[in-house]
>>> print(open('model.cif').read())   # mmCIF, C-alpha atoms
data_my_file
loop_
_atom_site.group_PDB
_atom_site.id
_atom_site.type_symbol
_atom_site.label_atom_id
_atom_site.label_comp_id
_atom_site.auth_asym_id
_atom_site.auth_seq_id
_atom_site.Cartn_x
_atom_site.Cartn_y
_atom_site.Cartn_z
ATOM 1 C CA MET A 1 15.412 -3.212 -18.075
ATOM 2 C CA LYS A 2 14.973 -5.895 -15.418
ATOM 3 C CA ILE A 3 11.813 -5.465 -13.386
ATOM 4 C CA ASN A 4 11.802 -7.145 -10.008
ATOM 5 C CA TYR A 5 8.214 -8.296 -9.482
ATOM 6 C CA GLN A 6 6.124 -10.712 -7.490
ATOM 7 C CA ILE A 7 2.591 -11.990 -7.994
ATOM 8 C CA MET A 8 1.102 -12.939 -4.648
ATOM 9 C CA SER A 9 -1.426 -15.616 -3.822
ATOM 10 C CA GLU A 10 -4.356 -15.395 -1.443
ATOM 11 C CA SER A 11 -2.228 -17.267 1.108
ATOM 12 C CA GLN A 12 0.033 -14.193 1.295
ATOM 13 C CA LYS A 13 -2.702 -12.010 2.786
ATOM 14 C CA ASN A 14 -2.364 -10.907 6.392
ATOM 15 C CA ARG A 15 -5.224 -10.953 8.877
ATOM 16 C CA HIS A 16 -6.315 -7.529 7.607
ATOM 17 C CA GLY A 17 -6.716 -8.762 4.026
ATOM 18 C CA LYS A 18 -3.558 -7.086 2.697
ATOM 19 C CA TYR A 19 -1.016 -8.866 0.533
ATOM 20 C CA ILE A 20 2.445 -9.253 2.041
ATOM 21 C CA PRO A 21 5.193 -9.993 -0.468
ATOM 22 C CA ASP A 22 7.865 -12.578 0.165
ATOM 23 C CA PHE A 23 10.503 -9.950 0.789
ATOM 24 C CA GLU A 24 13.341 -12.463 0.641
ATOM 25 C CA LYS A 25 12.332 -13.386 -2.917
ATOM 26 C CA LEU A 26 12.229 -9.707 -3.868
ATOM 27 C CA ILE A 27 15.684 -9.270 -2.337
ATOM 28 C CA ALA A 28 16.945 -12.311 -4.242
ATOM 29 C CA GLY A 29 15.694 -10.711 -7.480
ATOM 30 C CA ALA A 30 17.295 -7.348 -6.767
ATOM 31 C CA THR A 31 19.754 -5.908 -9.275
ATOM 32 C CA CYS A 32 22.076 -4.135 -6.819
ATOM 33 C CA GLU A 33 22.757 -3.281 -3.185
ATOM 34 C CA ASP A 34 20.715 -0.066 -3.422
ATOM 35 C CA GLU A 35 17.661 -2.062 -4.454
ATOM 36 C CA ILE A 36 18.220 -4.546 -1.626
ATOM 37 C CA SER A 37 18.475 -1.679 0.852
ATOM 38 C CA TYR A 38 15.263 -0.144 -0.496
ATOM 39 C CA ILE A 39 13.346 -3.442 -0.257
ATOM 40 C CA ARG A 40 14.532 -3.933 3.329
ATOM 41 C CA LYS A 41 13.213 -0.450 4.193
ATOM 42 C CA VAL A 42 9.835 -1.325 2.678
ATOM 43 C CA GLN A 43 9.805 -4.531 4.728
ATOM 44 C CA GLU A 44 10.717 -2.676 7.930
ATOM 45 C CA ARG A 45 8.001 -0.083 7.299
ATOM 46 C CA SER A 46 5.428 -2.827 6.760
ATOM 47 C CA GLU A 47 6.445 -4.584 9.978
ATOM 48 C CA LYS A 48 6.347 -1.262 11.861
ATOM 49 C CA TRP A 49 2.731 -0.713 10.833
ATOM 50 C CA LEU A 50 1.795 -4.190 12.050
ATOM 51 C CA ASP A 51 3.287 -3.417 15.459
ATOM 52 C CA LYS A 52 1.503 -0.076 15.865
ATOM 53 C CA PRO A 53 -2.005 -0.462 17.355
ATOM 54 C CA GLY A 54 -4.666 0.959 15.070
ATOM 55 C CA CYS A 55 -2.346 1.084 12.050
ATOM 56 C CA GLU A 56 -2.226 -2.612 11.178
ATOM 57 C CA SER A 57 -4.331 -2.136 8.059
ATOM 58 C CA TYR A 58 -1.563 0.034 6.549
ATOM 59 C CA ALA A 59 0.815 -2.948 6.412
ATOM 60 C CA GLY A 60 0.769 -4.659 3.051
ATOM 61 C CA PHE A 61 -0.709 -4.067 -0.365
ATOM 62 C CA ALA A 62 -4.252 -4.002 -1.723
ATOM 63 C CA PHE A 63 -3.297 -5.620 -5.046
ATOM 64 C CA ASN A 64 -1.698 -8.983 -5.752
ATOM 65 C CA MET A 65 1.292 -7.796 -7.785
ATOM 66 C CA VAL A 66 4.177 -5.640 -6.625
ATOM 67 C CA TYR A 67 7.184 -4.529 -8.614
ATOM 68 C CA VAL A 68 10.305 -2.557 -7.825
ATOM 69 C CA THR A 69 11.900 -0.327 -10.443
ATOM 70 C CA ARG A 70 14.616 2.283 -10.585
ATOM 71 C CA GLN A 71 12.860 5.488 -11.571
ATOM 72 C CA LYS A 72 14.167 8.213 -13.892
ATOM 73 C CA CYS A 73 15.654 10.051 -10.880
ATOM 74 C CA GLY A 74 17.747 6.992 -9.995
ATOM 75 C CA HIS A 75 15.822 6.001 -6.866
ATOM 76 C CA PHE A 76 13.960 2.742 -6.408
ATOM 77 C CA GLU A 77 10.234 2.588 -5.775
ATOM 78 C CA ILE A 78 7.742 -0.207 -5.179
ATOM 79 C CA PHE A 79 4.382 -0.205 -6.910
ATOM 80 C CA GLN A 80 1.307 -2.390 -6.697
ATOM 81 C CA THR A 81 -1.183 -3.391 -9.358
ATOM 82 C CA PRO A 82 -3.740 -6.108 -9.928
ATOM 83 C CA CYS A 83 -2.561 -9.019 -12.030
ATOM 84 C CA ASN A 84 -5.563 -10.923 -13.355
ATOM 85 C CA GLU A 85 -7.629 -11.499 -16.476
ATOM 86 C CA CYS A 86 -8.063 -7.725 -16.937
ATOM 87 C CA HIS A 87 -4.462 -6.732 -16.142
ATOM 88 C CA SER A 88 -2.022 -9.249 -17.582
ATOM 89 C CA LEU A 89 1.552 -9.681 -16.420
ATOM 90 C CA GLU A 90 2.812 -8.560 -19.828
ATOM 91 C CA GLU A 91 0.738 -5.373 -19.739
ATOM 92 C CA ASN A 92 1.805 -4.628 -16.169
ATOM 93 C CA LEU A 93 5.491 -5.065 -16.990
ATOM 94 C CA LYS A 94 5.174 -2.851 -20.063
ATOM 95 C CA VAL A 95 3.562 -0.091 -17.997
ATOM 96 C CA ALA A 96 6.230 -0.531 -15.308
ATOM 97 C CA GLU A 97 9.031 -0.114 -17.833
ATOM 98 C CA GLU A 98 7.439 2.936 -19.453
ATOM 99 C CA HIS A 99 6.706 4.551 -16.099
ATOM 100 C CA ALA A 100 10.231 3.955 -14.773
ATOM 101 C CA GLY A 101 11.778 5.565 -17.833
ATOM 102 C CA GLU A 102 9.587 8.653 -17.666
ATOM 103 C CA MET A 103 8.850 9.356 -14.003
ATOM 104 C CA LYS A 104 10.802 10.351 -10.939
ATOM 105 C CA CYS A 105 10.050 8.545 -7.686
ATOM 106 C CA SER A 106 7.230 9.831 -5.471
ATOM 107 C CA ARG A 107 9.654 11.344 -2.973
ATOM 108 C CA CYS A 108 11.431 13.367 -5.676
ATOM 109 C CA ILE A 109 8.148 14.511 -7.209
ATOM 110 C CA SER A 110 6.717 15.606 -3.862
ATOM 111 C CA GLY A 111 9.930 16.837 -2.275
ATOM 112 C CA ILE A 112 9.302 14.699 0.818
ATOM 113 C CA GLY A 113 12.435 13.474 2.522
ATOM 114 C CA GLY A 114 14.825 15.957 0.961
ATOM 115 C CA ARG A 115 15.457 13.984 -2.226
ATOM 116 C CA SER A 116 16.033 15.944 -5.377
#
>>> encode(input="model.cif", output="structure tokens")
Amino acid sequence: MKINYQIMSESQKNRHGKYIPDFEKLIAGATCEDEISYIRKVQERSEKWLDKPGCESYAGFAFNMVYVTRQKCGHFEIFQTPCNECHSLEENLKVAEEHAGEMKCSRCISGIGGRS
């Protein structure tokens, strides 16, 4: 399984202290058009939050690593996790692979958005 991930530096934080991935690099690492479409939606949602007064702090991620995987249900999802001396890249990728093989995406689990 190919896991599309990015470890972000402090320079990728926005003015609210949230990490913003280089979406073009995530798109370049995508495995298919569906993944590209999903990443673009995540990017659009992040930009929308930045443009909405009072909601700017919702744009971005709290942790410095994001990864996109196709979940058991077939849908893509983006996750965040710390990547540091306590949470190594290897451990994070192993968890990502296990989770993707066992779990449906959040929308399927919750029933939000009409996905099944």
>>> closest_residue(input="model.cif", among="A:Ile36, A:Leu26, A:Cys55, A:Met1", to="A:Phe76", atoms="only C-alpha atoms")
A:Ile36
>>> atom_distance(input="model.cif", atom1="atom CA of A:Gln71", atom2="atom CA of A:Arg40")
17.7 Å
>>> closest_residue(input="model.cif", among="A:Asn14, A:Asn92, A:Ser9, A:Asn84", to="A:Glu47", atoms="only C-alpha atoms")
A:Asn14
>>> closest_residue(input="model.cif", among="A:Gln12, A:Ser88, A:Ser110, A:Ser37", to="A:Val68", atoms="all atoms listed in the file")
A:Ser37
>>> resolve_selection(input="model.cif", expression="the PyMOL selection byres ((chain A and resi 30) around 10)", output="PyMOL selection string")
chain A and resi 2-5+24-29+31-39+68-69
>>> residues_around(input="model.cif", residues="A:Val66", least_positions_apart="4", cutoff="8 Å", atoms="all atoms listed in the file", output="PDB file with C-alpha atoms, in the coordinates of the input")
ATOM      1  CA  TYR A   5       8.214  -8.296  -9.482  1.00  0.00           C
ATOM      2  CA  GLN A   6       6.124 -10.712  -7.490  1.00  0.00           C
ATOM      3  CA  ILE A   7       2.591 -11.990  -7.994  1.00  0.00           C
ATOM      4  CA  PRO A  21       5.193  -9.993  -0.468  1.00  0.00           C
ATOM      5  CA  ILE A  78       7.742  -0.207  -5.179  1.00  0.00           C
ATOM      6  CA  PHE A  79       4.382  -0.205  -6.910  1.00  0.00           C
ATOM      7  CA  GLN A  80       1.307  -2.390  -6.697  1.00  0.00           C
ATOM      8  CA  THR A  81      -1.183  -3.391  -9.358  1.00  0.00           C
TER       9      THR A  81
END
>>> closest_residue(input="model.cif", among="A:Met103, A:Ile20, A:Ala96, A:Ile112", to="A:Met8", atoms="all atoms listed in the file")
A:Ile20
